[in-house]
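Student: Take this structure first; my questions come after.
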Amino acid sequence: MLTKTKLAGLAAGVSFLAMGSAQAVEIEYWQYVFDSRIQAMDQLIEKFEEANPDITVKHTTFPYADYQTRVVAAKVAGQGPDVVQLFYGWTDQFVNGGLIQPLDPAVFPHDEIESEFFPIVSAMKRGEDYYGLPTAVRSLALFYNKALFEEAGIQPPTNLDELVAAAEATTKRDGGGNITTAGITLDMAGQDHHWWREALVRQNGGAPYDEEGNVAYDDEAGAAALKFYTDLQTEKNVGLVGFMDEGQAAFRAGLAAMTIDGTFRLGAFANNPFEWGVVELPADANGMRSNYSSYFANAIGATATGEELEAAQKFLAYISSPEAMEIWLDVVGELPARRNVALTEANLADPVLGPFLKGLEYAHTTQFYDEAAQRQTAIDMVNRVLLEGQSIDDSLAQAAQAEQAIIDQARQ
Amino acid sequence: MASVNANPQAGPVRFWDRLNIGTKRVIWAWTFLALPILFYAGIRFYPTFQAFWLSLTNWDLLRPAQFIGLANYQKMFADPIFWKVFQNTFLYLIIGTPLSLVISFVIAFYLDRVRFMHGFIRALYFLPFLTTAAAMGWVWRWFYQPVPIGVINGILSSVGIPQQPFLRSVDQALFSILVPAIWAGLGFQIIIFMAGLRAIPGTFYEAARIDGLGEGAILRKITIPLLKPTTVFLVVFSSIGFLRIFDQVYNMTTNDPGGPLNSTKPLVLMIYQTAFSSYQMGYAAAQTVVLFTILLFVSLLQLYVLREKK
């Protein structure tokens, strides 16, 4: 008897669930695990579901290290998400692998995207199609430790010469000449490879890549940029690669006066036990500035069709809306991807957000094919000079060759 | 319910009942053995053969695998980084295995004679073996930092020796990683060696002493030869461990895995990066086949060299 009752209850439950699913569409949203991003997305989903009672959004997250593998594995298993977050640098892999589908221009008009978003959104375009839209964007700036600057009696640098002078003034060494407080952190594995590619190479009159996306830094400009960077350790002795293990760790510990990092570090630096400030990346002698901007975009999964596709489009439109961007800025601290939401007077006057926002105006976005491998070529380039004493020109040529090989391989 | 069991089973004599007890035992044995055999076939052997096949394809997870012959192997053997990694892997083996065995034998040999706080000292040696490799890797990584936070460099500079780059040097990094790797395995090897030492009958030593043999001769003629089974086991075990080294390297060099300039990268780390960072599954499978071959060859060679002469 008991079993029969249970069965009846189960059957009722199943039919109830089936009824529920007939009325409402459930779509799945995937992103990687990062506390504030999850909180922000939960808020957005709540608001979206309020406005669209017939759609429910299931929020699924994976650790960052597994994230790409999980997306790929899900596609192989035919169980992909309807809306998925991806780094702009993965777009080629995701498009070639058939993981995401192009945005319908009827729902997301191109002229609207191009006029309202920052121009870096073009990194999501392949051929005539956009494959995703960002909620927030990131740029780089120079963080400085106010206490160490006051102690040295100097102002934050505005150009590269002042940067070197400031680093020299703030570096502290022990009796053996070993650095105990670095003037500036040197960490190619962090954000420095972006600073080198998109800022230093350009400020020396070169370009990191040509129109077709091939490596173009193997010239005098690239060599001057690399020399400037490695000289900070070899000639000026104001920084040491590997000091305190990581650049951000050295800055957080108050043992580095300056570090170059992105908006995403604001949260981690918020409870530093000292006062710190942010200024734009230093200009060159002629006042020319450059910056690197990147973002995570949201795209529609290749498996979404019919009413799920419609729901996914609605959801993507909402999480790319001005309202969503403001929530994202409040909760995560990342800059809005729409110009008119980002460049408000209040934001520009903000001492922390202002320098990052100004950086966005002149930022470049590197077209990566395999970000980890390309970053490795930059790490190795600097290491060959610093650890093996290879000449700047040879190391640069070797790096250019290795990176071009990665690009060629990815285009096959 | 109980009454059902009490009744003897009626009906014709079944097939099972006609078998004699020996056959039944064999059938039972194979029934129980079938489970691990199936498990091994499905979880171990099938993927192994699958890897051989994958190594001949260009599978990248996304697109269906295409047969490309030996192209992966050609690419691998033409890649200077592969040879660098190959060399590193053997450096870990050639330095790590003998060094760890000599140290653990010496410690076991003398610890065996220590009575004072014997258990405590043995526990101290065994402790690192219980520690997670990742945690240990990170602790040692911080030990090796430059001043002001690196303990080792702090000591060096306080006595006036210039600080050493350790993990930030293409020459020192591999050895810097080997030290904690050897240290971590010591406890286990010491325990096994001590068990081996205890298993040698005391009468042999008494007889030798009565015959007037010195300590050195006893060690050479009795202890070491009789420890051979233990040594063979430890050599094979530790060689495979060093050939497969990964945790220590990865955790001590996460910013630049296997760096600087690939000077610490072992084969397993290269396979991991090829497969799960660049998604070149076919190429990674080819590297796996090489690792498999090396492990097989080294194990067989050692078993042959150290075999019991009859």
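Residues in the structure tokens are numbered from 1 in each chain, the chains being A, B, ... in the order shown, and ligands are numbered from 1 in the order shown.
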Would you give me, as a short mmCIF file (atom, residue, chain, number, x, y, z; two decimals) with all heavy atoms, in the first residue's frame, the residues in segment 265-401 of chain A that DSSP reads as strand (DSSP E)?
Tutor:
```cif
data_model
loop_
_atom_site.label_atom_id
_atom_site.label_comp_id
_atom_site.auth_asym_id
_atom_site.auth_seq_id
_atom_site.Cartn_x
_atom_site.Cartn_y
_atom_site.Cartn_z
N TRP A 276 46.65 53.57 -1.15
CA TRP A 276 47.23 53.46 -2.48
C TRP A 276 46.41 54.29 -3.44
O TRP A 276 45.26 54.63 -3.18
CB TRP A 276 47.32 52.00 -2.93
CG TRP A 276 46.06 51.22 -2.72
CD1 TRP A 276 45.72 50.52 -1.62
CD2 TRP A 276 44.97 51.09 -3.64
NE1 TRP A 276 44.49 49.95 -1.77
CE2 TRP A 276 44.00 50.27 -3.01
CE3 TRP A 276 44.70 51.55 -4.93
CZ2 TRP A 276 42.79 49.92 -3.62
CZ3 TRP A 276 43.51 51.20 -5.53
CH2 TRP A 276 42.57 50.40 -4.88
N GLY A 277 47.01 54.63 -4.55
CA GLY A 277 46.32 55.42 -5.54
C GLY A 277 46.49 54.80 -6.92
O GLY A 277 47.24 53.84 -7.10
N VAL A 278 45.75 55.32 -7.90
CA VAL A 278 45.81 54.81 -9.26
C VAL A 278 46.01 55.98 -10.20
O VAL A 278 45.37 57.01 -10.04
CB VAL A 278 44.49 54.09 -9.62
CG1 VAL A 278 44.58 53.49 -11.01
CG2 VAL A 278 44.15 53.03 -8.61
N VAL A 279 46.94 55.82 -11.14
CA VAL A 279 47.06 56.81 -12.22
C VAL A 279 47.09 56.07 -13.55
O VAL A 279 47.31 54.85 -13.60
CB VAL A 279 48.34 57.67 -12.09
CG1 VAL A 279 48.22 58.64 -10.93
CG2 VAL A 279 49.58 56.81 -11.95
N ASN A 291 46.99 51.64 -23.93
CA ASN A 291 46.52 50.78 -22.86
C ASN A 291 46.04 49.48 -23.47
O ASN A 291 45.87 49.38 -24.68
CB ASN A 291 45.38 51.48 -22.10
CG ASN A 291 45.22 50.94 -20.69
OD1 ASN A 291 45.19 49.73 -20.48
ND2 ASN A 291 45.14 51.84 -19.72
N TYR A 292 45.86 48.50 -22.63
CA TYR A 292 45.34 47.20 -23.08
C TYR A 292 44.00 46.99 -22.41
O TYR A 292 43.88 47.17 -21.19
CB TYR A 292 46.29 46.08 -22.71
CG TYR A 292 45.68 44.71 -22.80
CD1 TYR A 292 45.47 44.11 -24.03
CD2 TYR A 292 45.29 44.02 -21.65
CE1 TYR A 292 44.90 42.85 -24.12
CE2 TYR A 292 44.72 42.76 -21.74
CZ TYR A 292 44.52 42.18 -22.97
OH TYR A 292 43.95 40.95 -23.06
N SER A 293 43.02 46.62 -23.20
CA SER A 293 41.72 46.36 -22.61
C SER A 293 41.27 44.96 -22.97
O SER A 293 41.58 44.45 -24.05
CB SER A 293 40.72 47.37 -23.15
OG SER A 293 39.44 47.00 -22.74
N SER A 294 40.60 44.34 -22.07
CA SER A 294 40.12 42.98 -22.34
C SER A 294 38.74 42.85 -21.70
O SER A 294 38.30 43.72 -20.95
CB SER A 294 41.06 41.96 -21.73
OG SER A 294 41.08 42.09 -20.33
N TYR A 295 38.07 41.79 -22.00
CA TYR A 295 36.77 41.59 -21.38
C TYR A 295 36.30 40.16 -21.52
O TYR A 295 36.79 39.41 -22.37
CB TYR A 295 35.71 42.51 -21.99
CG TYR A 295 35.63 42.49 -23.49
CD1 TYR A 295 34.82 41.58 -24.16
CD2 TYR A 295 36.38 43.39 -24.25
CE1 TYR A 295 34.74 41.57 -25.54
CE2 TYR A 295 36.32 43.37 -25.62
CZ TYR A 295 35.49 42.47 -26.26
OH TYR A 295 35.44 42.44 -27.63
N PHE A 296 35.37 39.80 -20.67
CA PHE A 296 34.63 38.57 -20.83
C PHE A 296 33.31 38.95 -21.48
O PHE A 296 32.65 39.88 -21.04
CB PHE A 296 34.37 37.91 -19.47
CG PHE A 296 35.54 37.09 -19.02
CD1 PHE A 296 36.60 37.67 -18.35
CD2 PHE A 296 35.60 35.73 -19.29
CE1 PHE A 296 37.69 36.93 -17.95
CE2 PHE A 296 36.68 34.98 -18.90
CZ PHE A 296 37.73 35.58 -18.23
N ALA A 297 32.95 38.25 -22.54
CA ALA A 297 31.70 38.53 -23.23
C ALA A 297 30.72 37.40 -22.93
O ALA A 297 31.12 36.33 -22.45
CB ALA A 297 31.95 38.62 -24.73
N ASN A 298 29.47 37.66 -23.20
CA ASN A 298 28.46 36.60 -23.10
C ASN A 298 27.99 36.27 -24.50
O ASN A 298 27.73 37.16 -25.30
CB ASN A 298 27.29 37.07 -22.23
CG ASN A 298 27.72 37.26 -20.80
OD1 ASN A 298 28.18 36.34 -20.15
ND2 ASN A 298 27.60 38.49 -20.31
N ALA A 299 27.89 34.99 -24.79
CA ALA A 299 27.50 34.56 -26.12
C ALA A 299 26.37 33.54 -26.01
O ALA A 299 26.10 33.02 -24.93
CB ALA A 299 28.69 33.95 -26.85
N ILE A 300 25.73 33.28 -27.14
CA ILE A 300 24.63 32.32 -27.15
C ILE A 300 25.15 30.97 -27.62
O ILE A 300 25.82 30.88 -28.65
CB ILE A 300 23.48 32.83 -28.04
CG1 ILE A 300 22.92 34.11 -27.42
CG2 ILE A 300 22.40 31.77 -28.18
CD1 ILE A 300 21.74 34.69 -28.13
N GLY A 301 24.89 29.94 -26.85
CA GLY A 301 25.37 28.60 -27.15
C GLY A 301 24.82 28.07 -28.45
O GLY A 301 23.69 28.39 -28.84
N LEU A 335 34.36 47.94 -15.29
CA LEU A 335 33.86 49.10 -16.00
C LEU A 335 32.77 48.72 -16.99
O LEU A 335 32.88 47.72 -17.69
CB LEU A 335 35.02 49.75 -16.77
CG LEU A 335 36.27 50.02 -15.94
CD1 LEU A 335 37.42 50.44 -16.85
CD2 LEU A 335 35.98 51.07 -14.90
N PRO A 336 31.72 49.56 -17.10
CA PRO A 336 30.64 49.27 -18.05
C PRO A 336 31.16 49.27 -19.49
O PRO A 336 32.03 50.06 -19.84
CB PRO A 336 29.66 50.42 -17.83
CG PRO A 336 29.97 50.93 -16.47
CD PRO A 336 31.44 50.73 -16.28
N ALA A 363 42.65 52.48 -25.59
CA ALA A 363 43.12 51.10 -25.37
C ALA A 363 43.09 50.28 -26.65
O ALA A 363 42.33 50.55 -27.57
CB ALA A 363 42.24 50.43 -24.32
N HIS A 364 43.97 49.30 -26.70
CA HIS A 364 43.98 48.32 -27.79
C HIS A 364 43.63 46.96 -27.21
O HIS A 364 43.86 46.71 -26.03
CB HIS A 364 45.36 48.24 -28.43
CG HIS A 364 45.75 49.50 -29.11
ND1 HIS A 364 45.47 49.74 -30.43
CD2 HIS A 364 46.38 50.60 -28.64
CE1 HIS A 364 45.93 50.94 -30.75
NE2 HIS A 364 46.48 51.48 -29.68
#
```
Student: Counting only C-alpha atoms, collect the residues of chain B whose closest atom lies at most 10 Å from chain A, and write them out as a PyMOL selection string.
Tutor: chain B and resi 60-64+141-142+144-150+157-158+160-163+165+167-171+253-257+259-262+273+276-279
Student: Any idea what's packed within 9 Å of Ser100 of chain B, counting only C-alpha atoms, ignoring anything in its chain fewer than 3 positions away? Could you give it as an MDAnalysis selection string?
Tutor: chainID B and resid 95:97 103:105 182:183 185:186 189 238
Student: Set the distance at 9 Å and use only C-alpha atoms: which residues neighbour Phe269 of chain A once local chain neighbours fewer than 4 positions away are removed? I'd like the list as a list in words.
Tutor: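 Once the nearby chain positions are removed, what remains is Gln248, Phe251, Arg252, Arg265 and Trp276 of chain A.
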Student: Generate a file of the selected residues that holds N, CA, C and O atoms, formatted as a CSV table (one decimal), in the first residue's frame.
Tutor:
```csv
chain,number,residue,atom,x,y,z
A,248,GLN,N,51.7,41.2,-7.8
A,248,GLN,CA,50.6,41.7,-7.0
A,248,GLN,C,50.8,41.4,-5.5
A,248,GLN,O,50.4,42.2,-4.6
A,251,PHE,N,53.1,44.1,-4.1
A,251,PHE,CA,52.4,45.3,-3.9
A,251,PHE,C,51.5,45.2,-2.6
A,251,PHE,O,51.4,46.1,-1.8
A,252,ARG,N,50.8,44.1,-2.5
A,252,ARG,CA,49.8,44.0,-1.4
A,252,ARG,C,50.6,44.0,-0.1
A,252,ARG,O,50.0,44.4,0.9
A,265,ARG,N,41.7,43.8,-10.1
A,265,ARG,CA,42.5,43.7,-8.9
A,265,ARG,C,42.0,44.6,-7.8
A,265,ARG,O,42.4,44.5,-6.7
A,276,TRP,N,46.6,53.6,-1.1
A,276,TRP,CA,47.2,53.5,-2.5
A,276,TRP,C,46.4,54.3,-3.4
A,276,TRP,O,45.3,54.6,-3.2
```
Student: Select, from A:Val215, A:Asp161, A:Thr365, A:Ile55, the residue with the minimum atom-to-atom distance to Ala402 of chain A, counting only C-alpha atoms.
Tutor: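 Of A:Val215, A:Asp161, A:Thr365, A:Ile55, the one nearest Ala402 of chain A, counting only C-alpha atoms, is A:Val215.
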Student: Choose the residue, out of A:Asp408, A:Asp192, A:Asp394, A:Glu280, that has the smallest atom-to-atom separation from Lys358 of chain A; count only C-alpha atoms.
Tutor: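 Going through A:Asp408, A:Asp192, A:Asp394, A:Glu280 one by one, the smallest distance to Lys358 of chain A is for A:Glu280.
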Student: For segment 162-164 of chain A, work out the shell of residues within 12 Å, counting only C-alpha atoms and skipping chain neighbours fewer than 2 positions away, then give it as a VMD selection string.
Tutor: chain A and resid 142 to 144 149 154 to 160 166 to 171 182 to 185 228 to 229 231 to 233 235 to 239 257 to 260 279 to 285
Student: Pull the alpha helix (DSSP H) assignments for segment 126-209 of chain A out of DSSP run on the backbone, and list those residues as a PDB file with N, CA and C atoms, in the first residue's frame.
Tutor:
```pdb
ATOM      1  N   LYS A 146      50.900  55.031  -1.637  1.00  0.00           N
ATOM      2  CA  LYS A 146      50.998  56.446  -1.245  1.00  0.00           C
ATOM      3  C   LYS A 146      52.016  56.656  -0.129  1.00  0.00           C
ATOM      4  N   ALA A 147      52.069  55.699   0.794  1.00  0.00           N
ATOM      5  CA  ALA A 147      52.996  55.855   1.923  1.00  0.00           C
ATOM      6  C   ALA A 147      54.440  55.903   1.428  1.00  0.00           C
ATOM      7  N   LEU A 148      54.793  54.984   0.523  1.00  0.00           N
ATOM      8  CA  LEU A 148      56.170  54.940   0.024  1.00  0.00           C
ATOM      9  C   LEU A 148      56.487  56.175  -0.813  1.00  0.00           C
ATOM     10  N   PHE A 149      55.489  56.682  -1.534  1.00  0.00           N
ATOM     11  CA  PHE A 149      55.711  57.883  -2.343  1.00  0.00           C
ATOM     12  C   PHE A 149      55.919  59.101  -1.451  1.00  0.00           C
ATOM     13  N   GLU A 150      55.119  59.185  -0.370  1.00  0.00           N
ATOM     14  CA  GLU A 150      55.277  60.308   0.558  1.00  0.00           C
ATOM     15  C   GLU A 150      56.654  60.264   1.217  1.00  0.00           C
ATOM     16  N   GLU A 151      57.032  59.058   1.606  1.00  0.00           N
ATOM     17  CA  GLU A 151      58.329  58.877   2.253  1.00  0.00           C
ATOM     18  C   GLU A 151      59.451  59.382   1.348  1.00  0.00           C
ATOM     19  N   ALA A 152      59.326  59.103   0.033  1.00  0.00           N
ATOM     20  CA  ALA A 152      60.362  59.536  -0.908  1.00  0.00           C
ATOM     21  C   ALA A 152      60.142  60.985  -1.344  1.00  0.00           C
ATOM     22  N   LEU A 160      57.095  57.908 -18.835  1.00  0.00           N
ATOM     23  CA  LEU A 160      58.010  56.800 -18.572  1.00  0.00           C
ATOM     24  C   LEU A 160      59.278  57.252 -17.851  1.00  0.00           C
ATOM     25  N   ASP A 161      59.772  58.467 -18.183  1.00  0.00           N
ATOM     26  CA  ASP A 161      60.966  58.957 -17.489  1.00  0.00           C
ATOM     27  C   ASP A 161      60.682  59.150 -16.007  1.00  0.00           C
ATOM     28  N   GLU A 162      59.523  59.736 -15.738  1.00  0.00           N
ATOM     29  CA  GLU A 162      59.148  59.936 -14.340  1.00  0.00           C
ATOM     30  C   GLU A 162      58.942  58.599 -13.631  1.00  0.00           C
ATOM     31  N   LEU A 163      58.454  57.614 -14.395  1.00  0.00           N
ATOM     32  CA  LEU A 163      58.261  56.280 -13.812  1.00  0.00           C
ATOM     33  C   LEU A 163      59.587  55.717 -13.324  1.00  0.00           C
ATOM     34  N   VAL A 164      60.608  55.816 -14.174  1.00  0.00           N
ATOM     35  CA  VAL A 164      61.923  55.295 -13.801  1.00  0.00           C
ATOM     36  C   VAL A 164      62.469  56.065 -12.600  1.00  0.00           C
ATOM     37  N   ALA A 165      62.309  57.408 -12.637  1.00  0.00           N
ATOM     38  CA  ALA A 165      62.810  58.228 -11.532  1.00  0.00           C
ATOM     39  C   ALA A 165      62.103  57.871 -10.229  1.00  0.00           C
ATOM     40  N   ALA A 166      60.775  57.678 -10.322  1.00  0.00           N
ATOM     41  CA  ALA A 166      59.998  57.336  -9.125  1.00  0.00           C
ATOM     42  C   ALA A 166      60.422  55.970  -8.591  1.00  0.00           C
ATOM     43  N   ALA A 167      60.670  55.043  -9.514  1.00  0.00           N
ATOM     44  CA  ALA A 167      61.089  53.704  -9.087  1.00  0.00           C
ATOM     45  C   ALA A 167      62.439  53.777  -8.388  1.00  0.00           C
ATOM     46  N   GLU A 168      63.335  54.607  -8.947  1.00  0.00           N
ATOM     47  CA  GLU A 168      64.664  54.739  -8.325  1.00  0.00           C
ATOM     48  C   GLU A 168      64.549  55.355  -6.936  1.00  0.00           C
ATOM     49  N   ALA A 169      63.635  56.330  -6.806  1.00  0.00           N
ATOM     50  CA  ALA A 169      63.510  57.027  -5.523  1.00  0.00           C
ATOM     51  C   ALA A 169      62.887  56.140  -4.444  1.00  0.00           C
ATOM     52  N   THR A 170      62.100  55.144  -4.846  1.00  0.00           N
ATOM     53  CA  THR A 170      61.371  54.354  -3.843  1.00  0.00           C
ATOM     54  C   THR A 170      62.005  52.997  -3.569  1.00  0.00           C
ATOM     55  N   HIS A 193      53.012  41.648 -19.665  1.00  0.00           N
ATOM     56  CA  HIS A 193      53.157  41.324 -21.097  1.00  0.00           C
ATOM     57  C   HIS A 193      52.169  42.127 -21.935  1.00  0.00           C
ATOM     58  N   HIS A 194      51.030  42.490 -21.345  1.00  0.00           N
ATOM     59  CA  HIS A 194      50.094  43.369 -22.058  1.00  0.00           C
ATOM     60  C   HIS A 194      50.657  44.787 -22.150  1.00  0.00           C
ATOM     61  N   VAL A 201      55.616  48.853 -26.801  1.00  0.00           N
ATOM     62  CA  VAL A 201      56.008  48.708 -28.207  1.00  0.00           C
ATOM     63  C   VAL A 201      55.461  49.878 -29.023  1.00  0.00           C
ATOM     64  N   ARG A 202      54.201  50.243 -28.781  1.00  0.00           N
ATOM     65  CA  ARG A 202      53.604  51.357 -29.530  1.00  0.00           C
ATOM     66  C   ARG A 202      54.272  52.680 -29.180  1.00  0.00           C
ATOM     67  N   GLN A 203      54.598  52.870 -27.897  1.00  0.00           N
ATOM     68  CA  GLN A 203      55.209  54.138 -27.496  1.00  0.00           C
ATOM     69  C   GLN A 203      56.610  54.289 -28.070  1.00  0.00           C
TER      70      GLN A 203
END
```
Student: Pick from B:Met252, B:Val102, B:Val179, B:Ile240: nearest to Phe297 of chain B, with only C-alpha atoms counted?
Tutor: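 Using only C-alpha atoms, the shortest distance to Phe297 of chain B belongs to B:Ile240.
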Student: Using only C-alpha atoms, which residue out of A:Gln412, A:Gln191, A:Thr234, A:Thr344 lies closest to Gly389 of chain A?
Tutor: A:Thr234
Student: Within 8 Å of Ile245 of chain B, counting only C-alpha atoms, which residues show up once you throw out same-chain ones fewer than 4 positions away? Write them as a PyMOL selection string, please.
Tutor: chain B and resi 92+241+249+266+268
Student: Emit the selected residues as a PDB file, in the first residue's frame, including N, CA and C atoms.
Tutor:
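Done, and the output landed in again25.pdb:
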```pdb
ATOM      1  N   TYR B  92      65.761  14.212 -13.405  1.00  0.00           N
ATOM      2  CA  TYR B  92      65.022  13.921 -12.177  1.00  0.00           C
ATOM      3  C   TYR B  92      65.263  12.477 -11.764  1.00  0.00           C
ATOM      4  N   GLY B 241      58.324   6.995  -9.732  1.00  0.00           N
ATOM      5  CA  GLY B 241      57.921   8.252  -9.101  1.00  0.00           C
ATOM      6  C   GLY B 241      58.621   9.453  -9.711  1.00  0.00           C
ATOM      7  N   VAL B 249      56.804  20.159  -9.275  1.00  0.00           N
ATOM      8  CA  VAL B 249      57.192  21.110 -10.308  1.00  0.00           C
ATOM      9  C   VAL B 249      56.071  22.112 -10.549  1.00  0.00           C
ATOM     10  N   PRO B 266      59.056  18.591 -16.631  1.00  0.00           N
ATOM     11  CA  PRO B 266      59.108  17.156 -16.917  1.00  0.00           C
ATOM     12  C   PRO B 266      58.057  16.775 -17.962  1.00  0.00           C
ATOM     13  N   VAL B 268      55.500  14.833 -17.907  1.00  0.00           N
ATOM     14  CA  VAL B 268      54.092  14.824 -17.501  1.00  0.00           C
ATOM     15  C   VAL B 268      53.491  16.220 -17.562  1.00  0.00           C
TER      16      VAL B 268
END
```
Student: Under the rule that only C-alpha atoms are counted, which of B:Trp16, B:Trp59, B:Phe45, B:Trp53 is the nearest residue to Met281 of chain B?
Tutor: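 With only C-alpha atoms as the atom set, the closest residue is B:Trp59.
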Student: Pick out the residues sitting within 7 Å of segment 288-290 of chain B, and hand them over as an MDAnalysis selection string; count only C-alpha atoms, and ignore anything fewer than 3 positions along from it in its own chain.
Tutor: chainID B and resid 52 271 284:285 293:294
Student: Can I get the selected residues back with N, CA and C atoms, as an mmCIF file, in the first residue's frame?
Tutor:
```cif
data_model
loop_
_atom_site.group_PDB
_atom_site.id
_atom_site.type_symbol
_atom_site.label_atom_id
_atom_site.label_comp_id
_atom_site.auth_asym_id
_atom_site.auth_seq_id
_atom_site.Cartn_x
_atom_site.Cartn_y
_atom_site.Cartn_z
ATOM 1 N N PHE B 52 47.023 5.050 -27.839
ATOM 2 C CA PHE B 52 47.877 4.713 -28.986
ATOM 3 C C PHE B 52 47.220 5.171 -30.283
ATOM 4 N N ILE B 271 52.792 17.082 -21.140
ATOM 5 C CA ILE B 271 51.573 16.407 -21.593
ATOM 6 C C ILE B 271 50.349 17.167 -21.086
ATOM 7 N N ALA B 284 49.255 15.320 -27.440
ATOM 8 C CA ALA B 284 49.466 14.928 -26.048
ATOM 9 C C ALA B 284 49.497 13.403 -25.918
ATOM 10 N N ALA B 285 48.642 12.734 -26.696
ATOM 11 C CA ALA B 285 48.617 11.276 -26.642
ATOM 12 C C ALA B 285 49.947 10.704 -27.128
ATOM 13 N N THR B 293 56.312 4.213 -22.921
ATOM 14 C CA THR B 293 57.426 3.387 -23.378
ATOM 15 C C THR B 293 58.621 3.503 -22.433
ATOM 16 N N ILE B 294 58.925 4.744 -22.028
ATOM 17 C CA ILE B 294 60.061 4.944 -21.122
ATOM 18 C C ILE B 294 59.830 4.194 -19.818
#
```
Student: Enter the distance from atom CA of Asp247 of chain B to atom CA of Ala134 of chain B, in Å, rounded to one decimal.
Tutor: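 Spanning atom CA of Asp247 of chain B to atom CA of Ala134 of chain B is a straight-line distance of 6.2 Å.
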Student: Which distance in Å separates atom CA of Ala207 of chain B and atom CA of Ile191 of chain B, to one decimal?
Tutor: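 Rounded to one decimal, the two atoms are 26.4 Å apart.
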Student: Please, what distance in Å, to one decimal, runs between atom CA of Pro322 of chain A and atom CA of Gly132 of chain A?
Tutor: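 Computing the Euclidean distance for atom CA of Pro322 of chain A and atom CA of Gly132 of chain A yields 16.1 Å.
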